[in-house]
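Step one of this worksheet: look at the structure below.
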Amino acid sequence: MFTGIVTDVGEVVKADTSSEGSLLQIRSRLAADLEVGHSVSINGTCLTVVGKDTGSFDVEATPETLRRTDLGQCRAGSRVNLELAARLADFLGGHLVQGHVDEMGRVVSIIEEGNSWVFRFSASREFLSFCVMKGSVTVNGVSLTVSGIGEGYFEVTIIPHTHEVTNFSSLKVGDGVNLEADLISKYVESHVRHFKGLVVLVLALALSLVQGLAGDLSLQANSILIYANQNAKKTHRFVVRIARPVPDLVFEWESVNDQGTVHVYQRALEQSRRFTLLSLFEVGVDEEAPDETTLRLSRALFTELAAQKSLKLQLNGVPLKMEWVGEEPFVLKLDREEVEVTGVRVQDNRRGSWLFLKDPDLPLVLEYVTSYFHHRLESLSTPDRPSLRWIRRLPPIK
């Protein structure tokens, strides 16, 4: 176990690398404190000392380590961040670091800002799911604080001291770096994943015992759907009023900043293989959709999904494959009363998780979840509730 506080920048004296692994000899003042069998962090990778000499020590890296880290790129003269294993009585200056590299990222940009440097690193969606603003992350063995998160990247801000005492001063755009996510974040995510199904089941049973209700959703003219859209920074409501549900679907929508109308043609509702969550929603315009649907799948797509347990379609114009996971209960408010409906859970090949209403006549999107975005139907109000009134004229049936 380590703390992510680099205590020396060593120099690779020799690197013998082959398909069978790598033997690295590293010159460092820390060699005097190491013995054969000790653990040491090298660019954030926990390795075992297999030999030592005056002023240097040797470590071995397996093929798996070389695949997951940048150690296979080390050559004579390379500078590497070093840290001795933590002792139980040590001061924890950084955060708990295992030295088990999760993946390699790359330097996307380096920007000087005052007396500091903002480093942007690429990372996978899976890795970024463990990152939170102001949370801990390890880059090349250095304990750092996340100062920015975006699509496919995160950022850290390096102070002059860190820049001076680590190999960050020699990094350049395109260089590979070793990434390790926060250990506590990993455990939290693991427990949430394992217990999510149990919690949903218990919640559904409790609601059914208390209320004894089973929801039967239908869309009528002037029905109102309210979705909650949540990203890493905030949650806002997305309101949809159904002006006409059949044979075409015509609705108005309103978000925190924008509003508009959408007209989905009857043939699209029946046969379309194109689906979108966002591209039909544009500011202040009436949008027509002759060959794609939104908010709900077409009848043809849902029928194929139910029969084949898999589905190929286009999402926002990009090919996507969905796989049937199973059925599960979903709780929402129907005219201010909580009801339970049955949803079909689907996983796509871009790490998105979907829940559609199990109804071939109304395969409504109940939920869509990614690492960065959560789209969830909160409530449905029937026409006896107050409704929005700014649609001027219904379009003709297509």
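Order determines the names: the first chain of the structure tokens is A, the second B, and so forth; residues in each chain are numbered 1 upward, and ligands are numbered 1 upward as they are shown.
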
Shell of 7 Å around region 117-129 of chain A, only C-alpha atoms, local chain residues under 5 positions omitted, as a ChimeraX atom specification: /A:105-112,152-159,181,371

Resulting file, chosen residues, N, CA and C atoms, as an mmCIF file, in the first residue's frame:
data_model
loop_
_atom_site.group_PDB
_atom_site.id
_atom_site.type_symbol
_atom_site.label_atom_id
_atom_site.label_comp_id
_atom_site.auth_asym_id
_atom_site.auth_seq_id
_atom_site.Cartn_x
_atom_site.Cartn_y
_atom_site.Cartn_z
ATOM 1 N N GLY A 105 -3.595 6.078 -19.587
ATOM 2 C CA GLY A 105 -4.176 7.217 -20.269
ATOM 3 C C GLY A 105 -3.095 7.927 -21.058
ATOM 4 N N ARG A 106 -3.473 9.034 -21.693
ATOM 5 C CA ARG A 106 -2.479 9.803 -22.443
ATOM 6 C C ARG A 106 -2.640 11.286 -22.134
ATOM 7 N N VAL A 107 -1.544 12.004 -22.224
ATOM 8 C CA VAL A 107 -1.579 13.449 -22.018
ATOM 9 C C VAL A 107 -2.270 14.083 -23.221
ATOM 10 N N VAL A 108 -3.394 14.746 -22.982
ATOM 11 C CA VAL A 108 -4.140 15.402 -24.057
ATOM 12 C C VAL A 108 -3.676 16.848 -24.231
ATOM 13 N N SER A 109 -3.446 17.531 -23.122
ATOM 14 C CA SER A 109 -2.991 18.920 -23.201
ATOM 15 C C SER A 109 -2.315 19.309 -21.896
ATOM 16 N N ILE A 110 -1.450 20.316 -21.970
ATOM 17 C CA ILE A 110 -0.789 20.901 -20.797
ATOM 18 C C ILE A 110 -0.896 22.414 -20.939
ATOM 19 N N ILE A 111 -1.560 23.063 -19.999
ATOM 20 C CA ILE A 111 -1.779 24.504 -20.076
ATOM 21 C C ILE A 111 -1.241 25.170 -18.814
ATOM 22 N N GLU A 112 -0.373 26.153 -18.987
ATOM 23 C CA GLU A 112 0.120 26.914 -17.845
ATOM 24 C C GLU A 112 -0.964 27.874 -17.367
ATOM 25 N N GLY A 152 -14.534 11.748 -21.971
ATOM 26 C CA GLY A 152 -13.310 11.052 -22.327
ATOM 27 C C GLY A 152 -12.046 11.578 -21.689
ATOM 28 N N TYR A 153 -12.164 12.460 -20.693
ATOM 29 C CA TYR A 153 -10.951 12.991 -20.070
ATOM 30 C C TYR A 153 -11.230 13.487 -18.659
ATOM 31 N N PHE A 154 -10.144 13.672 -17.883
ATOM 32 C CA PHE A 154 -10.203 14.391 -16.616
ATOM 33 C C PHE A 154 -8.979 15.294 -16.532
ATOM 34 N N GLU A 155 -9.029 16.263 -15.627
ATOM 35 C CA GLU A 155 -7.941 17.218 -15.485
ATOM 36 C C GLU A 155 -7.453 17.271 -14.045
ATOM 37 N N VAL A 156 -6.162 17.570 -13.885
ATOM 38 C CA VAL A 156 -5.574 17.823 -12.569
ATOM 39 C C VAL A 156 -4.727 19.082 -12.675
ATOM 40 N N THR A 157 -4.567 19.769 -11.560
ATOM 41 C CA THR A 157 -3.753 20.985 -11.526
ATOM 42 C C THR A 157 -2.496 20.702 -10.715
ATOM 43 N N ILE A 158 -1.349 20.931 -11.323
ATOM 44 C CA ILE A 158 -0.046 20.605 -10.726
ATOM 45 C C ILE A 158 0.609 21.866 -10.191
ATOM 46 N N ILE A 159 0.913 21.869 -8.902
ATOM 47 C CA ILE A 159 1.594 23.008 -8.293
ATOM 48 C C ILE A 159 3.095 22.922 -8.574
ATOM 49 N N ALA A 181 -7.634 4.452 -10.111
ATOM 50 C CA ALA A 181 -8.788 5.133 -9.522
ATOM 51 C C ALA A 181 -8.754 5.022 -8.003
ATOM 52 N N SER A 371 -22.339 6.837 -17.617
ATOM 53 C CA SER A 371 -21.433 7.296 -16.551
ATOM 54 C C SER A 371 -21.640 8.766 -16.228
#

Distance query Ser379 (chain A) at most 7 Å, only C-alpha atoms, self and fewer than 4 positions along chain excluded, as an MDAnalysis selection string: chainID A and resid 225:226 332:334

Alpha helix (DSSP H) per DSSP on the backbone: members of region 148-322 of chain A, as a ChimeraX atom specification: /A:160-165,183-211,266-271,299-308

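From CA of Val142 (chain A) back to CA of Arg351 (chain A), the distance works out to 28.8 Å.
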
Can you pull out every residue from region 232-282 of chain A that DSSP, working from the backbone, puts in strand (DSSP E), and format the result as a ChimeraX atom specification? /A:235-244,249-254,259-264,274-276

Would you list the contacts of Arg29 (chain A) as a PyMOL selection string, taking every protein, DNA or RNA residue within 10 Å and counting only C-alpha atoms, but skipping same-chain residues closer than 6 positions in sequence? chain A and resi 7-10+54-57

Just write the chosen residues, all heavy atoms, as a CSV table (one decimal), in the first residue's frame.
chain,number,residue,atom,x,y,z
A,7,THR,N,8.6,10.2,-3.4
A,7,THR,CA,9.7,10.6,-2.6
A,7,THR,C,11.0,10.7,-3.3
A,7,THR,O,12.0,11.2,-2.8
A,7,THR,CB,9.9,9.6,-1.4
A,7,THR,OG1,9.9,8.3,-1.9
A,7,THR,CG2,8.8,9.8,-0.4
A,8,ASP,N,11.1,10.3,-4.6
A,8,ASP,CA,12.2,10.5,-5.4
A,8,ASP,C,11.9,10.2,-6.9
A,8,ASP,O,10.9,9.4,-7.2
A,8,ASP,CB,13.4,9.5,-5.0
A,8,ASP,CG,14.7,9.8,-5.6
A,8,ASP,OD1,14.9,11.0,-6.0
A,8,ASP,OD2,15.5,8.9,-5.9
A,9,VAL,N,12.6,10.8,-7.8
A,9,VAL,CA,12.5,10.5,-9.2
A,9,VAL,C,13.7,9.8,-9.6
A,9,VAL,O,14.9,10.3,-9.5
A,9,VAL,CB,12.4,11.8,-10.0
A,9,VAL,CG1,12.3,11.5,-11.5
A,9,VAL,CG2,11.1,12.6,-9.7
A,10,GLY,N,13.6,8.5,-9.9
A,10,GLY,CA,14.7,7.7,-10.2
A,10,GLY,C,15.0,7.7,-11.7
A,10,GLY,O,14.2,8.2,-12.5
A,54,THR,N,24.9,-0.8,-4.9
A,54,THR,CA,25.1,0.5,-4.4
A,54,THR,C,24.4,1.5,-5.2
A,54,THR,O,24.8,1.7,-6.4
A,54,THR,CB,26.6,0.8,-4.2
A,54,THR,OG1,27.2,-0.3,-3.5
A,54,THR,CG2,26.8,2.1,-3.6
A,55,GLY,N,23.4,2.2,-4.7
A,55,GLY,CA,22.8,3.3,-5.4
A,55,GLY,C,21.7,2.9,-6.4
A,55,GLY,O,21.2,3.7,-7.1
A,56,SER,N,21.4,1.6,-6.6
A,56,SER,CA,20.4,1.2,-7.5
A,56,SER,C,19.7,-0.1,-7.1
A,56,SER,O,20.2,-0.8,-6.2
A,56,SER,CB,21.0,0.9,-8.9
A,56,SER,OG,21.9,-0.2,-8.9
A,57,PHE,N,18.6,-0.4,-7.7
A,57,PHE,CA,17.9,-1.7,-7.4
A,57,PHE,C,17.2,-2.2,-8.6
A,57,PHE,O,17.0,-1.5,-9.6
A,57,PHE,CB,16.8,-1.4,-6.3
A,57,PHE,CG,15.7,-0.5,-6.6
A,57,PHE,CD1,14.5,-0.9,-7.2
A,57,PHE,CD2,15.9,0.9,-6.4
A,57,PHE,CE1,13.5,0.0,-7.5
A,57,PHE,CE2,14.9,1.8,-6.8
A,57,PHE,CZ,13.7,1.3,-7.3

Measuring atom to atom with only C-alpha atoms, identify which of A:Val40, A:Leu280, A:Leu96, A:Val13 is nearest to Ala76 (chain A). A:Val13

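Remark: for Pro396 (chain A), the closest of the candidate residues A:Phe356, A:Tyr265, A:Phe373, A:Trp253 is A:Tyr265 (distances computed over only C-alpha atoms).
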
Skip Val177 (chain A) itself and residues of its chain fewer than 4 positions away, then list as a VMD selection string all residues within 12 Å of it, counting only C-alpha atoms. chain A and resid 42 to 45 68 to 74 80 to 81 101 to 108 119 to 123 138 to 142 167 to 168 170 to 173

Store the residues picked out above, limited to C-alpha atoms, as a compact mmCIF listing (two decimals), in the first residue's frame.
# COMPACT_ATOMS: atom_id res chain seq x y z
CA ILE A 42 7.37 2.85 -9.90
CA ASN A 43 5.23 5.31 -11.84
CA GLY A 44 2.33 4.10 -9.72
CA THR A 45 3.00 0.39 -10.33
CA ARG A 68 -1.42 -2.28 -18.52
CA THR A 69 1.31 0.26 -17.75
CA ASP A 70 3.93 2.42 -19.42
CA LEU A 71 6.85 0.42 -18.00
CA GLY A 72 7.33 -1.38 -21.30
CA GLN A 73 8.25 1.99 -22.80
CA CYS A 74 11.01 2.66 -20.26
CA VAL A 80 10.28 7.40 -13.08
CA ASN A 81 8.37 8.42 -9.94
CA VAL A 101 -2.74 0.31 -12.32
CA ASP A 102 -6.25 0.25 -13.82
CA GLU A 103 -5.34 1.47 -17.29
CA MET A 104 -3.08 3.74 -19.29
CA GLY A 105 -4.18 7.22 -20.27
CA ARG A 106 -2.48 9.80 -22.44
CA VAL A 107 -1.58 13.45 -22.02
CA VAL A 108 -4.14 15.40 -24.06
CA PHE A 119 -2.84 18.56 -17.24
CA ARG A 120 -5.65 16.89 -19.20
CA PHE A 121 -5.52 13.08 -19.49
CA SER A 122 -7.62 10.78 -21.64
CA ALA A 123 -9.43 7.94 -19.84
CA THR A 138 -3.37 8.57 -9.03
CA VAL A 139 -1.36 9.45 -12.15
CA ASN A 140 2.11 7.88 -12.52
CA GLY A 141 2.01 7.15 -8.80
CA VAL A 142 1.22 10.74 -7.79
CA ASN A 167 8.45 13.36 -13.67
CA PHE A 168 5.52 15.59 -14.62
CA SER A 170 9.17 15.89 -18.54
CA LEU A 171 5.69 14.83 -19.73
CA LYS A 172 4.54 16.06 -23.14
CA VAL A 173 1.33 15.78 -25.14

Got a sec: who's within 8 Å of Ser223 (chain A), counting only C-alpha atoms, leaving out chain neighbours fewer than 5 positions off, as a list in words? Arg241, Ile242, Ala243, Leu380, Ser381, Thr382, Pro383 and Ser387 of chain A

Can I get the selected residues back with C-alpha atoms, as an mmCIF file, in the first residue's frame?
data_model
loop_
_atom_site.group_PDB
_atom_site.id
_atom_site.type_symbol
_atom_site.label_atom_id
_atom_site.label_comp_id
_atom_site.auth_asym_id
_atom_site.auth_seq_id
_atom_site.Cartn_x
_atom_site.Cartn_y
_atom_site.Cartn_z
ATOM 1 C CA ARG A 241 -47.100 17.678 -23.205
ATOM 2 C CA ILE A 242 -48.765 15.272 -25.602
ATOM 3 C CA ALA A 243 -50.883 17.231 -28.057
ATOM 4 C CA LEU A 380 -47.147 11.227 -15.883
ATOM 5 C CA SER A 381 -50.232 13.403 -15.504
ATOM 6 C CA THR A 382 -53.485 12.666 -17.336
ATOM 7 C CA PRO A 383 -55.609 15.353 -19.059
ATOM 8 C CA SER A 387 -51.393 21.532 -18.977
#

Would you pick out the contacts of region 337-344 of chain A at 6 Å or less, using only C-alpha atoms, so that residues sharing its chain but fewer than 4 positions from it are not included, and give the list as a short mmCIF file (atom, residue, chain, number, x, y, z; two decimals) with N, CA, C and O atoms, in the first residue's frame?
data_model
loop_
_atom_site.label_atom_id
_atom_site.label_comp_id
_atom_site.auth_asym_id
_atom_site.auth_seq_id
_atom_site.Cartn_x
_atom_site.Cartn_y
_atom_site.Cartn_z
N LEU A 213 -51.09 -1.04 -5.90
CA LEU A 213 -51.39 -0.48 -7.21
C LEU A 213 -50.53 -1.11 -8.28
O LEU A 213 -49.38 -1.47 -8.04
N ALA A 214 -51.07 -1.25 -9.46
CA ALA A 214 -50.30 -1.66 -10.63
C ALA A 214 -50.59 -0.65 -11.73
O ALA A 214 -51.75 -0.46 -12.10
N GLY A 215 -49.56 0.01 -12.23
CA GLY A 215 -49.78 1.08 -13.19
C GLY A 215 -50.13 0.57 -14.58
O GLY A 215 -49.58 -0.42 -15.05
N GLY A 326 -33.32 -8.18 -18.93
CA GLY A 326 -34.41 -8.79 -18.19
C GLY A 326 -35.48 -7.77 -17.83
O GLY A 326 -35.39 -6.60 -18.18
N GLU A 327 -36.49 -8.25 -17.13
CA GLU A 327 -37.58 -7.38 -16.71
C GLU A 327 -37.37 -6.94 -15.27
O GLU A 327 -36.78 -7.68 -14.47
N GLU A 328 -37.84 -5.74 -14.96
CA GLU A 328 -37.72 -5.25 -13.59
C GLU A 328 -38.80 -4.20 -13.32
O GLU A 328 -39.31 -3.58 -14.26
N PRO A 329 -39.17 -4.01 -12.07
CA PRO A 329 -40.19 -3.02 -11.74
C PRO A 329 -39.62 -1.60 -11.81
O PRO A 329 -38.43 -1.38 -11.64
N PHE A 330 -40.51 -0.66 -12.08
CA PHE A 330 -40.12 0.75 -12.13
C PHE A 330 -41.24 1.56 -11.46
O PHE A 330 -42.42 1.35 -11.74
N VAL A 331 -40.85 2.48 -10.60
CA VAL A 331 -41.82 3.25 -9.84
C VAL A 331 -41.80 4.71 -10.31
O VAL A 331 -40.74 5.32 -10.45
N LEU A 332 -42.98 5.26 -10.60
CA LEU A 332 -43.12 6.66 -10.97
C LEU A 332 -44.44 7.18 -10.40
O LEU A 332 -45.23 6.42 -9.83
N LYS A 333 -44.67 8.47 -10.58
CA LYS A 333 -45.91 9.06 -10.10
C LYS A 333 -46.90 9.20 -11.25
O LYS A 333 -46.58 9.78 -12.29
N LEU A 355 -34.16 1.42 -19.88
CA LEU A 355 -35.35 0.73 -19.37
C LEU A 355 -36.53 1.24 -20.19
O LEU A 355 -36.83 2.45 -20.18
N PHE A 356 -37.19 0.31 -20.91
CA PHE A 356 -38.37 0.64 -21.71
C PHE A 356 -39.61 0.04 -21.06
O PHE A 356 -39.56 -1.05 -20.49
N LEU A 357 -40.71 0.75 -21.17
CA LEU A 357 -41.98 0.21 -20.70
C LEU A 357 -42.30 -1.06 -21.49
O LEU A 357 -42.24 -1.07 -22.71
N LYS A 358 -42.67 -2.13 -20.77
CA LYS A 358 -42.99 -3.39 -21.44
C LYS A 358 -44.41 -3.32 -22.00
O LYS A 358 -45.37 -3.81 -21.40
#

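Considering only C-alpha atoms, the residue among A:Arg79, A:Arg87, A:Lys186, A:Lys14 positioned nearest to Met1 (chain A) is A:Arg87.
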